[in-house]
file start-v4.csv (CSV, N, CA and C atoms)
chain,number,residue,atom,x,y,z
A,1,MET,N,0.8,-1.2,0.0
A,1,MET,CA,0.0,0.0,0.0
A,1,MET,C,0.9,1.2,0.0
A,2,ALA,N,0.5,2.2,-0.8
A,2,ALA,CA,1.3,3.5,-0.9
A,2,ALA,C,1.2,4.3,0.4
A,3,LYS,N,2.2,5.0,0.7
A,3,LYS,CA,2.3,5.9,1.8
A,3,LYS,C,2.7,7.3,1.2
A,4,ILE,N,1.8,8.2,1.4
A,4,ILE,CA,2.0,9.6,0.8
A,4,ILE,C,2.0,10.6,1.8
A,5,PHE,N,3.0,11.5,1.8
A,5,PHE,CA,3.1,12.6,2.7
A,5,PHE,C,2.9,13.9,1.8
A,6,VAL,N,1.8,14.5,2.0
A,6,VAL,CA,1.5,15.7,1.2
A,6,VAL,C,1.9,17.0,2.0
A,7,ILE,N,2.6,17.8,1.3
A,7,ILE,CA,3.0,19.1,2.0
A,7,ILE,C,2.3,20.2,1.2
A,8,SER,N,1.5,21.0,1.9
A,8,SER,CA,0.8,22.2,1.3
A,8,SER,C,1.5,23.5,1.7
A,9,THR,N,2.1,24.1,0.7
A,9,THR,CA,2.7,25.4,1.0
A,9,THR,C,1.9,26.6,0.4
A,10,ALA,N,0.7,26.3,-0.1
A,10,ALA,CA,-0.1,27.3,-0.7
A,10,ALA,C,-0.8,28.1,0.4
A,11,GLY,N,-0.7,29.4,0.3
A,11,GLY,CA,-1.3,30.3,1.3
A,11,GLY,C,-2.6,30.9,0.8
A,12,LYS,N,-3.0,32.0,1.5
A,12,LYS,CA,-4.3,32.6,1.2
A,12,LYS,C,-4.4,33.2,-0.2
A,13,ASP,N,-3.2,33.5,-0.8
A,13,ASP,CA,-3.3,34.0,-2.2
A,13,ASP,C,-3.4,32.9,-3.2
A,14,ASP,N,-3.4,31.7,-2.8
A,14,ASP,CA,-3.6,30.6,-3.8
A,14,ASP,C,-4.4,29.4,-3.1
A,15,ILE,N,-5.6,29.8,-2.8
A,15,ILE,CA,-6.5,28.8,-2.1
A,15,ILE,C,-6.8,27.7,-3.0
A,16,ASN,N,-6.9,27.9,-4.3
A,16,ASN,CA,-7.2,26.8,-5.2
A,16,ASN,C,-6.1,25.7,-5.1
A,17,LYS,N,-4.9,26.1,-5.0
A,17,LYS,CA,-3.8,25.2,-4.8
A,17,LYS,C,-3.8,24.5,-3.5
A,18,ALA,N,-4.2,25.2,-2.5
A,18,ALA,CA,-4.4,24.6,-1.1
A,18,ALA,C,-5.5,23.5,-1.2
A,19,MET,N,-6.6,23.8,-1.9
A,19,MET,CA,-7.7,22.9,-2.0
A,19,MET,C,-7.3,21.7,-2.8
A,20,MET,N,-6.4,21.9,-3.8
A,20,MET,CA,-5.9,20.8,-4.6
A,20,MET,C,-5.1,19.8,-3.8
A,21,ALA,N,-4.3,20.4,-2.9
A,21,ALA,CA,-3.5,19.5,-2.0
A,21,ALA,C,-4.4,18.7,-1.1
A,22,MET,N,-5.4,19.3,-0.5
A,22,MET,CA,-6.3,18.6,0.4
A,22,MET,C,-7.1,17.6,-0.3
A,23,ASN,N,-7.7,17.9,-1.5
A,23,ASN,CA,-8.5,17.0,-2.3
A,23,ASN,C,-7.6,15.8,-2.8
A,24,PHE,N,-6.4,16.1,-3.1
A,24,PHE,CA,-5.4,15.1,-3.6
A,24,PHE,C,-5.3,14.1,-2.4
A,25,ALA,N,-5.0,14.6,-1.2
A,25,ALA,CA,-4.9,13.7,0.0
A,25,ALA,C,-6.1,12.9,0.2
A,26,LEU,N,-7.3,13.5,0.2
A,26,LEU,CA,-8.6,12.8,0.4
A,26,LEU,C,-8.7,11.7,-0.7
A,27,GLY,N,-8.5,12.1,-2.0
A,27,GLY,CA,-8.6,11.1,-3.1
A,27,GLY,C,-7.7,9.9,-2.9
A,28,ALA,N,-6.5,10.2,-2.5
A,28,ALA,CA,-5.5,9.1,-2.4
A,28,ALA,C,-5.9,8.2,-1.3
A,29,LYS,N,-6.5,8.7,-0.2
A,29,LYS,CA,-7.0,7.9,0.9
A,29,LYS,C,-8.2,7.1,0.5
A,30,LYS,N,-9.2,7.8,0.0
A,30,LYS,CA,-10.5,7.2,-0.3
A,30,LYS,C,-10.5,6.3,-1.5
A,31,ASN,N,-9.8,6.7,-2.6
A,31,ASN,CA,-9.9,5.9,-3.8
A,31,ASN,C,-8.7,4.9,-4.0
A,32,ALA,N,-7.6,5.1,-3.4
A,32,ALA,CA,-6.4,4.2,-3.5
A,32,ALA,C,-6.1,3.5,-2.2
A,33,ASN,N,-6.9,3.8,-1.2
A,33,ASN,CA,-6.6,3.2,0.2
A,33,ASN,C,-5.2,3.4,0.6
A,34,ALA,N,-4.6,4.6,0.2
A,34,ALA,CA,-3.2,4.9,0.6
A,34,ALA,C,-3.2,5.4,2.1
A,35,THR,N,-2.0,5.2,2.7
A,35,THR,CA,-1.8,5.8,4.0
A,35,THR,C,-1.3,7.2,3.7
A,36,VAL,N,-2.0,8.2,4.2
A,36,VAL,CA,-1.8,9.6,3.9
A,36,VAL,C,-1.6,10.5,5.1
A,37,ALA,N,-0.7,11.4,5.0
A,37,ALA,CA,-0.5,12.4,6.0
A,37,ALA,C,-0.3,13.7,5.3
A,38,LEU,N,-0.8,14.8,5.9
A,38,LEU,CA,-0.7,16.1,5.2
A,38,LEU,C,-0.1,17.2,6.3
A,39,MET,N,0.8,18.0,5.8
A,39,MET,CA,1.4,19.0,6.6
A,39,MET,C,1.3,20.4,5.9
A,40,PHE,N,0.8,21.4,6.7
A,40,PHE,CA,0.8,22.7,6.2
A,40,PHE,C,2.1,23.4,6.6
A,41,LEU,N,2.9,23.9,5.6
A,41,LEU,CA,4.2,24.4,5.7
A,41,LEU,C,4.3,25.7,5.1
A,42,GLY,N,5.2,26.6,5.6
A,42,GLY,CA,5.4,27.9,5.1
A,42,GLY,C,4.0,28.7,5.0
A,43,ARG,N,3.8,29.3,3.9
A,43,ARG,CA,2.5,30.1,3.8
A,43,ARG,C,1.3,29.2,3.8
A,44,GLY,N,1.5,27.9,3.7
A,44,GLY,CA,0.4,26.9,3.9
A,44,GLY,C,-0.4,27.0,5.2
A,45,VAL,N,0.3,27.5,6.2
A,45,VAL,CA,-0.4,27.6,7.5
A,45,VAL,C,-1.5,28.6,7.5
A,46,GLU,N,-1.5,29.5,6.5
A,46,GLU,CA,-2.6,30.5,6.3
A,46,GLU,C,-3.9,29.8,6.0
A,47,THR,N,-3.9,28.6,5.5
A,47,THR,CA,-5.1,27.8,5.2
A,47,THR,C,-5.8,27.5,6.5
A,48,LEU,N,-5.1,27.6,7.6
A,48,LEU,CA,-5.7,27.2,8.9
A,48,LEU,C,-6.3,28.4,9.7
A,49,LEU,N,-6.3,29.6,9.1
A,49,LEU,CA,-6.7,30.8,9.8
A,49,LEU,C,-8.2,30.8,10.0
A,50,LYS,N,-8.6,31.0,11.3
A,50,LYS,CA,-10.0,31.0,11.7
A,50,LYS,C,-10.7,32.2,11.1
A,51,GLY,N,-10.1,33.3,10.9
A,51,GLY,CA,-10.7,34.5,10.4
A,51,GLY,C,-10.7,34.8,8.9
A,52,ALA,N,-10.2,33.8,8.2
A,52,ALA,CA,-10.2,33.9,6.7
A,52,ALA,C,-11.6,33.9,6.2
A,53,GLY,N,-11.8,34.5,5.0
A,53,GLY,CA,-13.1,34.5,4.4
A,53,GLY,C,-13.6,33.2,4.0
A,54,ASN,N,-12.7,32.2,3.8
A,54,ASN,CA,-13.2,30.9,3.4
A,54,ASN,C,-12.9,29.9,4.5
A,55,ALA,N,-12.9,30.4,5.8
A,55,ALA,CA,-12.5,29.5,6.9
A,55,ALA,C,-13.4,28.3,7.1
A,56,GLU,N,-14.7,28.5,6.9
A,56,GLU,CA,-15.7,27.4,7.1
A,56,GLU,C,-15.4,26.3,6.1
A,57,GLN,N,-15.2,26.7,4.8
A,57,GLN,CA,-14.9,25.7,3.8
A,57,GLN,C,-13.6,24.9,4.1
A,58,MET,N,-12.6,25.6,4.5
A,58,MET,CA,-11.3,25.0,4.8
A,58,MET,C,-11.4,24.1,6.0
A,59,LYS,N,-12.1,24.5,7.0
A,59,LYS,CA,-12.3,23.7,8.2
A,59,LYS,C,-13.0,22.4,7.9
A,60,LYS,N,-14.1,22.5,7.1
A,60,LYS,CA,-14.8,21.3,6.7
A,60,LYS,C,-13.9,20.3,6.0
A,61,VAL,N,-13.1,20.8,5.0
A,61,VAL,CA,-12.3,19.8,4.3
A,61,VAL,C,-11.2,19.2,5.3
A,62,ILE,N,-10.7,20.0,6.2
A,62,ILE,CA,-9.7,19.5,7.1
A,62,ILE,C,-10.4,18.4,8.0
A,63,GLU,N,-11.6,18.7,8.5
A,63,GLU,CA,-12.4,17.7,9.3
A,63,GLU,C,-12.6,16.5,8.5
A,64,ASP,N,-13.0,16.6,7.2
A,64,ASP,CA,-13.2,15.4,6.4
A,64,ASP,C,-11.9,14.6,6.2
A,65,MET,N,-10.8,15.3,6.1
A,65,MET,CA,-9.5,14.5,6.0
A,65,MET,C,-9.3,13.7,7.3
A,66,ILE,N,-9.4,14.4,8.4
A,66,ILE,CA,-9.2,13.8,9.7
A,66,ILE,C,-10.2,12.6,9.9
A,67,LYS,N,-11.4,12.8,9.6
A,67,LYS,CA,-12.4,11.7,9.7
A,67,LYS,C,-12.0,10.5,8.8
A,68,ALA,N,-11.4,10.8,7.6
A,68,ALA,CA,-11.0,9.7,6.7
A,68,ALA,C,-9.8,9.0,7.2
A,69,GLY,N,-9.1,9.5,8.2
A,69,GLY,CA,-7.9,8.8,8.7
A,69,GLY,C,-6.6,9.4,8.3
A,70,ILE,N,-6.7,10.6,7.7
A,70,ILE,CA,-5.5,11.3,7.3
A,70,ILE,C,-4.9,12.1,8.5
A,71,GLU,N,-3.6,11.9,8.8
A,71,GLU,CA,-3.0,12.7,9.8
A,71,GLU,C,-2.7,14.1,9.3
A,72,VAL,N,-3.2,15.1,9.9
A,72,VAL,CA,-3.1,16.5,9.5
A,72,VAL,C,-2.3,17.2,10.6
A,73,ASN,N,-1.2,18.0,10.2
A,73,ASN,CA,-0.5,18.8,11.1
A,73,ASN,C,0.0,20.0,10.4
A,74,TYR,N,0.7,20.9,11.2
A,74,TYR,CA,1.2,22.1,10.6
A,74,TYR,C,2.6,22.4,11.3
A,75,CYS,N,3.4,23.2,10.6
A,75,CYS,CA,4.7,23.5,11.0
A,75,CYS,C,4.6,24.7,12.0
A,76,GLY,N,5.0,24.5,13.2
A,76,GLY,CA,5.0,25.6,14.2
A,76,GLY,C,5.9,26.7,13.9
A,77,ILE,N,7.1,26.4,13.3
A,77,ILE,CA,8.1,27.4,13.0
A,77,ILE,C,7.5,28.3,11.8
A,78,SER,N,6.9,27.7,10.9
A,78,SER,CA,6.2,28.4,9.8
A,78,SER,C,5.2,29.4,10.4
A,79,LEU,N,4.4,28.9,11.3
A,79,LEU,CA,3.4,29.8,11.9
A,79,LEU,C,4.0,31.0,12.6
A,80,LYS,N,5.1,30.7,13.3
A,80,LYS,CA,5.8,31.8,14.0
A,80,LYS,C,6.4,32.8,13.0
A,81,ASN,N,7.1,32.2,12.0
A,81,ASN,CA,7.7,33.1,11.0
A,81,ASN,C,6.7,33.9,10.2
A,82,MET,N,5.5,33.5,10.1
A,82,MET,CA,4.4,34.3,9.4
A,82,MET,C,3.8,35.3,10.4
A,83,GLY,N,4.3,35.4,11.6
A,83,GLY,CA,3.8,36.3,12.6
A,83,GLY,C,2.4,36.0,13.1
A,84,LEU,N,2.1,34.7,13.1
A,84,LEU,CA,0.8,34.2,13.5
A,84,LEU,C,1.0,33.4,14.8
A,85,SER,N,-0.2,33.3,15.5
A,85,SER,CA,-0.2,32.5,16.8
A,85,SER,C,-1.2,31.4,16.7
A,86,LYS,N,-1.0,30.4,17.6
A,86,LYS,CA,-1.9,29.3,17.7
A,86,LYS,C,-3.4,29.7,17.9
A,87,ASP,N,-3.6,30.8,18.5
A,87,ASP,CA,-5.0,31.3,18.8
A,87,ASP,C,-5.7,31.7,17.5
A,88,GLN,N,-4.9,31.9,16.4
A,88,GLN,CA,-5.5,32.4,15.1
A,88,GLN,C,-5.9,31.2,14.2
A,89,ILE,N,-5.5,30.0,14.6
A,89,ILE,CA,-5.7,28.9,13.7
A,89,ILE,C,-6.7,27.9,14.3
A,90,PHE,N,-7.3,27.0,13.4
A,90,PHE,CA,-8.2,26.0,13.9
A,90,PHE,C,-7.6,25.2,15.1
A,91,ASP,N,-8.5,24.8,16.0
A,91,ASP,CA,-8.1,24.0,17.1
A,91,ASP,C,-7.9,22.6,16.7
A,92,GLY,N,-7.1,21.8,17.5
A,92,GLY,CA,-7.1,20.4,17.4
A,92,GLY,C,-6.1,19.9,16.3
A,93,ILE,N,-5.3,20.8,15.7
A,93,ILE,CA,-4.4,20.3,14.7
A,93,ILE,C,-3.0,20.3,15.3
A,94,PRO,N,-2.3,19.1,15.3
A,94,PRO,CA,-1.0,19.1,16.0
A,94,PRO,C,0.1,19.9,15.3
A,95,GLU,N,0.9,20.5,16.2
A,95,GLU,CA,2.1,21.2,15.7
A,95,GLU,C,3.3,20.3,15.6
A,96,VAL,N,4.0,20.5,14.5
A,96,VAL,CA,5.3,19.7,14.3
A,96,VAL,C,6.4,20.7,13.8
A,97,MET,N,7.6,20.2,13.7
A,97,MET,CA,8.7,21.0,13.1
A,97,MET,C,8.8,20.4,11.7
A,98,GLY,N,8.6,21.2,10.7
A,98,GLY,CA,8.5,20.8,9.3
A,98,GLY,C,9.6,19.9,8.8
A,99,GLY,N,10.8,20.3,9.0
A,99,GLY,CA,11.9,19.5,8.5
A,99,GLY,C,12.0,18.2,9.3
A,100,VAL,N,11.8,18.2,10.5
A,100,VAL,CA,11.8,16.9,11.3
A,100,VAL,C,10.7,16.0,10.9
A,101,GLU,N,9.5,16.5,10.7
A,101,GLU,CA,8.4,15.7,10.3
A,101,GLU,C,8.6,15.1,8.9
A,102,THR,N,9.2,15.9,8.0
A,102,THR,CA,9.4,15.4,6.7
A,102,THR,C,10.5,14.3,6.7
A,103,ALA,N,11.5,14.5,7.5
A,103,ALA,CA,12.6,13.4,7.6
A,103,ALA,C,12.0,12.1,8.2
A,104,LYS,N,11.1,12.3,9.2
A,104,LYS,CA,10.5,11.2,9.9
A,104,LYS,C,9.6,10.4,8.9
A,105,ARG,N,8.9,11.1,8.1
A,105,ARG,CA,8.0,10.4,7.1
A,105,ARG,C,8.8,9.7,6.1
A,106,ILE,N,9.9,10.3,5.6
A,106,ILE,CA,10.7,9.7,4.6
A,106,ILE,C,11.3,8.4,5.2
A,107,ASP,N,11.8,8.5,6.4
A,107,ASP,CA,12.3,7.3,7.1
A,107,ASP,C,11.3,6.2,7.2
A,108,GLN,N,10.0,6.6,7.3
A,108,GLN,CA,8.9,5.6,7.4
A,108,GLN,C,8.4,5.1,6.1
A,109,GLY,N,9.1,5.5,5.0
A,109,GLY,CA,8.8,5.0,3.7
A,109,GLY,C,7.7,5.8,2.9
A,110,TYR,N,7.4,7.0,3.4
A,110,TYR,CA,6.4,7.8,2.7
A,110,TYR,C,7.1,8.5,1.4
A,111,SER,N,6.3,8.6,0.4
A,111,SER,CA,6.7,9.4,-0.8
A,111,SER,C,6.2,10.8,-0.5
A,112,VAL,N,6.9,11.8,-0.8
A,112,VAL,CA,6.6,13.2,-0.6
A,112,VAL,C,6.0,13.9,-1.8
A,113,VAL,N,4.8,14.5,-1.7
A,113,VAL,CA,4.2,15.2,-2.8
A,113,VAL,C,3.9,16.6,-2.2
A,114,SER,N,4.4,17.6,-2.9
A,114,SER,CA,4.2,19.0,-2.4
A,114,SER,C,3.4,19.8,-3.4
A,115,PHE,N,2.6,20.7,-2.8
A,115,PHE,CA,1.7,21.6,-3.6
A,115,PHE,C,2.0,23.0,-3.1
call {"tool": "encode", "arguments": {"input": "start-v4.csv", "output": "structure tokens"}}
result
Amino acid sequence: MAKIFVISTAGKDDINKAMMAMNFALGAKKNANATVALMFLGRGVETLLKGAGNAEQMKKVIEDMIKAGIEVNYCGISLKNMGLSKDQIFDGIPEVMGGVETAKRIDQGYSVVSF
């Protein structure tokens, strides 16, 4: 069975690309029964903003991914570097260190796909 680690770097200026990353992850899980994890990295953490105009849509897709069994997390260093705080993003999403998480997933046999 395939193991796919999706990295989303698309921010609020490219929501279509962010949606593509999330829909790719969902499709790989549901249609190919792949083991999938997704991390928001760099500007990708903007996808998690509670106050964004499309926050409800993003939150629903993230909830759908989690319900499907996709591990979803975000890079805390990216959040800090964007000048954002945990209070500004959706609750319940684990924080990781992007580089460490990527290395861990590669060691576990995941293929990395980035958007």
call {"tool": "closest_residue", "arguments": {"input": "start-v4.csv", "among": "A:Ile77, A:Ser111, A:Ala52, A:Asn16", "to": "A:Ala2", "atoms": "all atoms listed in the file"}}
result
A:Ser111
call {"tool": "select_by_dssp", "arguments": {"input": "start-v4.csv", "residues": "chain A", "states": "strand (DSSP E)", "output": "CSV table (one decimal) with N, CA and C atoms, keeping the file's coordinate frame"}}
result
chain,number,residue,atom,x,y,z
A,3,LYS,N,2.2,5.0,0.7
A,3,LYS,CA,2.3,5.9,1.8
A,3,LYS,C,2.7,7.3,1.2
A,4,ILE,N,1.8,8.2,1.4
A,4,ILE,CA,2.0,9.6,0.8
A,4,ILE,C,2.0,10.6,1.8
A,5,PHE,N,3.0,11.5,1.8
A,5,PHE,CA,3.1,12.6,2.7
A,5,PHE,C,2.9,13.9,1.8
A,6,VAL,N,1.8,14.5,2.0
A,6,VAL,CA,1.5,15.7,1.2
A,6,VAL,C,1.9,17.0,2.0
A,7,ILE,N,2.6,17.8,1.3
A,7,ILE,CA,3.0,19.1,2.0
A,7,ILE,C,2.3,20.2,1.2
A,8,SER,N,1.5,21.0,1.9
A,8,SER,CA,0.8,22.2,1.3
A,8,SER,C,1.5,23.5,1.7
A,35,THR,N,-2.0,5.2,2.7
A,35,THR,CA,-1.8,5.8,4.0
A,35,THR,C,-1.3,7.2,3.7
A,36,VAL,N,-2.0,8.2,4.2
A,36,VAL,CA,-1.8,9.6,3.9
A,36,VAL,C,-1.6,10.5,5.1
A,37,ALA,N,-0.7,11.4,5.0
A,37,ALA,CA,-0.5,12.4,6.0
A,37,ALA,C,-0.3,13.7,5.3
A,38,LEU,N,-0.8,14.8,5.9
A,38,LEU,CA,-0.7,16.1,5.2
A,38,LEU,C,-0.1,17.2,6.3
A,39,MET,N,0.8,18.0,5.8
A,39,MET,CA,1.4,19.0,6.6
A,39,MET,C,1.3,20.4,5.9
A,40,PHE,N,0.8,21.4,6.7
A,40,PHE,CA,0.8,22.7,6.2
A,40,PHE,C,2.1,23.4,6.6
A,71,GLU,N,-3.6,11.9,8.8
A,71,GLU,CA,-3.0,12.7,9.8
A,71,GLU,C,-2.7,14.1,9.3
A,72,VAL,N,-3.2,15.1,9.9
A,72,VAL,CA,-3.1,16.5,9.5
A,72,VAL,C,-2.3,17.2,10.6
A,73,ASN,N,-1.2,18.0,10.2
A,73,ASN,CA,-0.5,18.8,11.1
A,73,ASN,C,0.0,20.0,10.4
A,74,TYR,N,0.7,20.9,11.2
A,74,TYR,CA,1.2,22.1,10.6
A,74,TYR,C,2.6,22.4,11.3
A,75,CYS,N,3.4,23.2,10.6
A,75,CYS,CA,4.7,23.5,11.0
A,75,CYS,C,4.6,24.7,12.0
A,95,GLU,N,0.9,20.5,16.2
A,95,GLU,CA,2.1,21.2,15.7
A,95,GLU,C,3.3,20.3,15.6
A,96,VAL,N,4.0,20.5,14.5
A,96,VAL,CA,5.3,19.7,14.3
A,96,VAL,C,6.4,20.7,13.8
A,111,SER,N,6.3,8.6,0.4
A,111,SER,CA,6.7,9.4,-0.8
A,111,SER,C,6.2,10.8,-0.5
A,112,VAL,N,6.9,11.8,-0.8
A,112,VAL,CA,6.6,13.2,-0.6
A,112,VAL,C,6.0,13.9,-1.8
A,113,VAL,N,4.8,14.5,-1.7
A,113,VAL,CA,4.2,15.2,-2.8
A,113,VAL,C,3.9,16.6,-2.2
A,114,SER,N,4.4,17.6,-2.9
A,114,SER,CA,4.2,19.0,-2.4
A,114,SER,C,3.4,19.8,-3.4
call {"tool": "closest_residue", "arguments": {"input": "start-v4.csv", "among": "A:Lys29, A:Lys67, A:Lys3, A:Lys17", "to": "A:Thr47", "atoms": "only C-alpha atoms"}}
result
A:Lys17
call {"tool": "residues_around", "arguments": {"input": "start-v4.csv", "residues": "A:Ala68", "least_positions_apart": "4", "cutoff": "8 Å", "atoms": "all atoms listed in the file", "output": "PyMOL selection string"}}
result
chain A and resi 26+29-30+62-64
call {"tool": "atom_distance", "arguments": {"input": "start-v4.csv", "atom1": "atom CA of A:Met82", "atom2": "atom C of A:Lys12"}}
result
13.1 Å
call {"tool": "atom_distance", "arguments": {"input": "start-v4.csv", "atom1": "atom CA of A:Met58", "atom2": "atom CA of A:Leu41"}}
result
15.5 Å
call {"tool": "residues_near_point", "arguments": {"input": "start-v4.csv", "point": "(-4.2, 17.7, 0.8)", "cutoff": "8 Å", "atoms": "all atoms listed in the file", "output": "ChimeraX atom specification"}}
result
/A:6-8,18-27,37-39
call {"tool": "select_by_dssp", "arguments": {"input": "start-v4.csv", "residues": "chain A", "states": "alpha helix (DSSP H)", "output": "JSON, numbers by chain"}}
result
{"A": [15, 16, 17, 18, 19, 20, 21, 22, 23, 24, 25, 26, 27, 28, 29, 30, 31, 32, 55, 56, 57, 58, 59, 60, 61, 62, 63, 64, 65, 66, 67, 68, 76, 77, 78, 79, 80, 81, 98, 99, 100, 101, 102, 103, 104, 105, 106, 107]}
call {"tool": "atom_distance", "arguments": {"input": "start-v4.csv", "atom1": "atom CA of A:Ile15", "atom2": "atom CA of A:Glu46"}}
result
9.4 Å
call {"tool": "closest_residue", "arguments": {"input": "start-v4.csv", "among": "A:Met65, A:Leu84, A:Val45, A:Val112", "to": "A:Ala10", "atoms": "all atoms listed in the file"}}
result
A:Val45
call {"tool": "closest_residue", "arguments": {"input": "start-v4.csv", "among": "A:Glu95, A:Glu56, A:Asp13, A:Asp107", "to": "A:Ser78", "atoms": "only C-alpha atoms"}}
result
A:Glu95
call {"tool": "residues_around", "arguments": {"input": "start-v4.csv", "residues": "stretch 48-51 of chain A", "least_positions_apart": "3", "cutoff": "10 Å", "atoms": "only C-alpha atoms", "output": "number ranges by chain"}}
result
A: 11-12, 40, 44-45, 54-56, 58-59, 62, 74, 79, 84-91, 93
call {"tool": "axis_aligned_box", "arguments": {"input": "start-v4.csv", "around": "stretch 111-115 of chain A", "padding_each_side": "6 Å", "output": "AutoDock Vina command-line options"}}
result
--center_x 4.3 --center_y 15.8 --center_z -1.6 --size_x 17.2 --size_y 26.4 --size_z 16.0
call {"tool": "closest_residue", "arguments": {"input": "start-v4.csv", "among": "A:Val61, A:Val72, A:Ala34, A:Ile4", "to": "A:Tyr110", "atoms": "only N, CA and C atoms"}}
result
A:Ile4
